[in-house]
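> Quick one: the structure is below, and I'll ask about it shortly.
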Amino acid sequence: MAGISIAGVSVAFDGRRVVDDVTLDVGAGEWLNIVGPNGAGKTTLLRVLAGLTAFDGTVTIDGRDAGTMRRRDLARLVALVPQIPQIPPGMSVAHYVLLGRTPHLRPLGAEGRSDLEAARVALERLDLLDVAERPVTTLSGGERQRVLVARLLAQDAPIALLDEPTTALDVGHQQQVLDLVDELRHDHRLTVIATMHDLTLAAQYGDRVALLDAGRLAATGTAAAVLTEDGLATLYGARVRVLRDGDSLVVVPVRRSGS
Amino acid sequence: MLEPPAIRAAGLRPSWIAGGGVALLVAGVAGLSMGAVPIAAPRILLELLDHVPGIDVRSGLSPREADIVWELRAPRVALGFLVGAMLAVAGASFQGVFRNPLADPYLLGAAAGAGLGATIAIGGHLDWEVGPFDTIPLAAFVGTLVAVFLAYAVSTVGGRDPSPAVLLLAGVAVMTFLTAVQTFLLQRQADTIREVYTFILGRLLTAGWGEVVLVLPYAGLSITVLLLHRRRLDVLAVGDDEATSLGVDVTRTRLVIVVFASLATAAAVSVSGLIGFVGLVVPHIVRLLAGSSFRVVLPLSVLFGAAFLVLADLVARTALSPSEIPIGVVTAFFGAPFFVLVLRARGRLV
């Protein structure tokens, strides 16, 4: 288990601040959802944590300064599931999942028995053994998302970054993937940080929500505290109702009456 | 309880390695036995066996035939193996590192750079031998590196990850520019045109074992380094961001691969001129037949590239004997239709 501490992090592209002085702690084993309108800096913040973007400020992972860490060491702590993965044509599911072992191999080394076993366990856990030899590109969207999660599992990093993990999926597969992430989080004691477009899913899964607005952290806290009708109206320019359903929230868009 | 199916690391099956070995043997024996003085293949095999330490058989070759085999044909076959292996493995590496199925050393302007380097070396009567390395290979090597980096630098202006189209255009621009410079130089040094064009047109030139010895260090080093990066190329295939998040230093890895693929290209061009098609088509044929992982494509490209070039050279020197066809003509003439056949059979490009 490992936590992340983000202190005064800013990212500027061409002089424009895309992420602006964000300070945020994510505890070990916590699931944090990052929400916000398009262009609020969600993905950029995730890229900072994955070591893919230069930034000002400090990110501390598991007590170590991420800015000075070697790529390999960072990859052993933090794994990323990108929103639109680039899947090499013809690459089999097993081979793709094995790529997750890269940070554990000696430089230019090949996979050993333990790496093959880690990949097998990940495939088995995600019910992918039957399609292990098939090219990833021939799978359905839901299966593909499971392959990505299997690679994440094979990477064996205590922190998982998910960029819009449900975007391309139908409602059933959205729930399936998020339930799966939640199970894995408990089984493997993962820290999960996800950017989410769907506010209802962001409210129903995870422990906390962080709301970004034009690069700044507008609010963090429980879904009930952050996702308010007034707040969402201001930030998203949207008319929404926030309904209670048991102990979770449902965010429903409302069409302007009379039009 | 059923044993769970094992997960395999790479798709390189022993049968494919054996196939590559057989292709090498067939090409080698054919290259040694055919020519103006035909020598039957079984006698070549016996002669080869006789040279294996610890084995003593009589092949029945006359001293003159033995000279033809060992002093004329064997160096040429060996050079063909090395050049074919280097061109094919360099092409496969360029395709991987640029994530572009159309990348080959020539499209990126590398060969034009090598040609310009050789032109400067021949025309300027340069003599900067360094250790065992001669002037022309050195000049070709420098020219190749300059060309590839120019192409890459041009294609990255304004964006981080160049698209295949931009990269191709950058390569065309660099190649055109370098060819213009080369033409300009040749116009001013008319006396060297013949020598330079003979060099560029593409021919496996050997006078004994000299060229083989000359090119062997380049070949050994570049092929070894590129083969060591075969798994890295698979990781790069998922894109720069994901490869980085998997712990790979993408910029450095790409640089190393480009440097050693350029080394292979330069070494090949320096002893054989511009032989087209091998670097583009051999990796694709291997990919279509044996799988797309670079762990399969790189080693098999070495084996089949070597065999392919020796067979092409065999046709080049025997088809219109005693005159020779430029080997690049042969590689394209037979390679292109064969590629189309494989494409039709598999019905997909990459």
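Ordering of the structure tokens sets the chain letters (A, B, ...), residue numbers begin anew at 1 in every chain, and ligands are numbered from 1 in the order given.
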Within 9 Å of Leu98 of chain A, counting only C-alpha atoms, which residues show up once you throw out same-chain ones fewer than 3 positions away? Write them as a PDB file with C-alpha atoms, in the first residue's frame, please.

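Listing of selection33.pdb after writing:
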```pdb
ATOM      1  CA  VAL A  93      -3.759 -10.932 -24.857  1.00  0.00           C
ATOM      2  CA  ALA A  94      -1.105 -12.885 -22.955  1.00  0.00           C
ATOM      3  CA  HIS A  95       1.718 -10.979 -24.584  1.00  0.00           C
ATOM      4  CA  ARG A 101       6.039  -6.929 -16.137  1.00  0.00           C
ATOM      5  CA  THR A 102       8.431  -4.513 -17.871  1.00  0.00           C
ATOM      6  CA  GLU A 111      10.485 -12.572 -18.518  1.00  0.00           C
ATOM      7  CA  ASP A 115       6.713 -12.956 -14.506  1.00  0.00           C
ATOM      8  CA  LEU A 116       4.876 -15.584 -16.536  1.00  0.00           C
ATOM      9  CA  ALA A 118       2.138 -13.126 -12.485  1.00  0.00           C
ATOM     10  CA  ALA A 119       0.632 -12.695 -15.949  1.00  0.00           C
ATOM     11  CA  ARG A 120      -1.178 -16.037 -15.683  1.00  0.00           C
ATOM     12  CA  ARG A 151      -1.972  -5.623 -17.415  1.00  0.00           C
ATOM     13  CA  ALA A 154       0.526  -7.834 -13.730  1.00  0.00           C
ATOM     14  CA  GLN A 155       2.437  -4.578 -13.235  1.00  0.00           C
TER      15      GLN A 155
ATOM     16  CA  ALA B   9       6.662 -15.256 -23.253  1.00  0.00           C
TER      17      ALA B   9
END
```
> Could you list, as an MDAnalysis selection string, every residue within 10 Å of Ala28 of chain A, counting only C-alpha atoms and ignoring same-chain residues fewer than 6 positions away?
chainID A and resid 1:4 61:62 158:159 189:192
> Please return, as a ChimeraX atom specification, all residues of segment 42-88 of chain A that DSSP assigns to alpha helix (DSSP H) on the basis of the backbone.
/A:42-49,71-77
> Taking C-alpha atoms for each residue, export the selection above as a CSV table (one decimal), in the first residue's frame.

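Here's the written file part-v3.csv:
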```csv
chain,number,residue,atom,x,y,z
A,42,LYS,CA,-8.2,16.0,-14.9
A,43,THR,CA,-6.1,14.0,-17.4
A,44,THR,CA,-3.1,16.4,-17.0
A,45,LEU,CA,-3.1,15.9,-13.2
A,46,LEU,CA,-3.2,12.1,-13.8
A,47,ARG,CA,-0.3,12.4,-16.2
A,48,VAL,CA,1.7,14.3,-13.6
A,49,LEU,CA,1.2,11.4,-11.2
A,71,ARG,CA,11.3,5.7,-14.4
A,72,ARG,CA,11.5,2.0,-13.6
A,73,ASP,CA,11.1,2.7,-9.8
A,74,LEU,CA,8.1,4.9,-10.5
A,75,ALA,CA,6.5,2.2,-12.7
A,76,ARG,CA,6.8,-0.3,-9.9
A,77,LEU,CA,4.7,2.1,-7.7
```
> I need the strand (DSSP E) residues of segment 5-104 of chain A per DSSP on the backbone, written as a ChimeraX atom specification.
/A:5-13,16-26,31-35,56-61,64-65,78-81
> Could you write out as a PDB file with C-alpha atoms, in the first residue's frame the residues of chain B within 7 Å of chain A, counting only C-alpha atoms?

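Written file, iface-v2.pdb:
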```pdb
ATOM      1  CA  ILE B   7       1.577 -18.468 -20.640  1.00  0.00           C
ATOM      2  CA  ALA B   9       6.662 -15.256 -23.253  1.00  0.00           C
ATOM      3  CA  LEU B 228      18.781  -7.276 -27.486  1.00  0.00           C
ATOM      4  CA  HIS B 229      16.145  -4.564 -27.913  1.00  0.00           C
ATOM      5  CA  ARG B 232      11.785  -3.123 -25.881  1.00  0.00           C
ATOM      6  CA  VAL B 235       6.884  -2.205 -25.345  1.00  0.00           C
ATOM      7  CA  ALA B 237       4.514  -0.506 -29.774  1.00  0.00           C
ATOM      8  CA  VAL B 238       1.969   0.584 -27.132  1.00  0.00           C
ATOM      9  CA  GLY B 239       2.974   4.222 -27.606  1.00  0.00           C
ATOM     10  CA  ASP B 241       3.187   7.436 -22.932  1.00  0.00           C
ATOM     11  CA  SER B 245       4.434   4.434 -17.642  1.00  0.00           C
ATOM     12  CA  LEU B 246       5.789   0.881 -17.917  1.00  0.00           C
ATOM     13  CA  GLY B 247       9.181   2.197 -16.858  1.00  0.00           C
ATOM     14  CA  VAL B 248      10.938   2.519 -20.225  1.00  0.00           C
ATOM     15  CA  ASP B 249      13.071   5.563 -21.040  1.00  0.00           C
ATOM     16  CA  SER B 292       3.926  -9.538 -35.205  1.00  0.00           C
ATOM     17  CA  SER B 293       5.957  -9.552 -31.986  1.00  0.00           C
ATOM     18  CA  VAL B 350       0.326  -5.292 -40.532  1.00  0.00           C
TER      19      VAL B 350
END
```
> Pick out the closest residue to Phe333 of chain B from this set: B:Leu45, B:Leu226, B:Leu300, B:Val278. Count only C-alpha atoms.
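Selected residue with least distance to Phe333 of chain B: B:Val278.
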> When you count only C-alpha atoms, which of these residues is closest to Leu309 of chain B: B:Thr251, B:Ser155, B:Thr331, B:Ser15?
B:Thr331
> At what distance in Å, to one decimal, does atom CA of Val181 of chain B lie from atom CA of Ile136 of chain B?
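Going from atom CA of Ile136 of chain B over to atom CA of Val181 of chain B, I get 17.5 Å.
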> Give me, as a ChimeraX atom specification, all polymer residues having an atom no more than 6 Å from Val18 of chain A, counting only C-alpha atoms and skipping those fewer than 5 positions away in the same chain.
/A:11-12,41,215
> Have a look at atom CA of Ile193 of chain B and atom CA of Thr318 of chain B and let me know their distance in Å, one decimal.
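Interatomic distance, atom CA of Ile193 of chain B to atom CA of Thr318 of chain B: 26.8 Å.
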> Leaving out Gly221 of chain A and any residue of its chain fewer than 4 positions from it, which residues lie within 8 Å of it when counting only C-alpha atoms, given as a VMD selection string?
chain A and resid 208 to 210 225 to 226
> Using only C-alpha atoms, which protein or nucleic acid residues come within 12 Å of Arg244 of chain A? Drop anything in the same chain fewer than 4 positions from it, and give the result as a VMD selection string.
chain A and resid 200 203 to 204 223 to 224 227 to 228 248 to 252
> Quick one: residues within 8 Å of Ile200 of chain B, only C-alpha atoms, excluding same-chain residues fewer than 5 positions away - as a list of chain:residue names?
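Neighbouring residues, sequence-local ones excluded: B:Gly115, B:Val269, B:Ser272, B:Gly273, B:Leu274.
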> Filtering to N, CA and C atoms, could you give me those residues as a short mmCIF file (atom, residue, chain, number, x, y, z; two decimals), in the first residue's frame?

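See again-v8.cif below for the written result:
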```cif
data_model
loop_
_atom_site.label_atom_id
_atom_site.label_comp_id
_atom_site.auth_asym_id
_atom_site.auth_seq_id
_atom_site.Cartn_x
_atom_site.Cartn_y
_atom_site.Cartn_z
N GLY B 115 25.11 7.55 -49.30
CA GLY B 115 25.61 7.80 -50.65
C GLY B 115 26.38 9.10 -50.73
N VAL B 269 25.29 -0.39 -46.81
CA VAL B 269 25.44 0.46 -48.00
C VAL B 269 26.90 0.59 -48.38
N SER B 272 27.85 -2.57 -50.28
CA SER B 272 26.98 -3.13 -51.31
C SER B 272 26.17 -2.09 -52.06
N GLY B 273 26.36 -0.82 -51.76
CA GLY B 273 25.56 0.20 -52.43
C GLY B 273 24.13 0.18 -51.94
N LEU B 274 23.21 0.68 -52.79
CA LEU B 274 21.82 0.78 -52.36
C LEU B 274 21.03 -0.42 -52.85
#
```
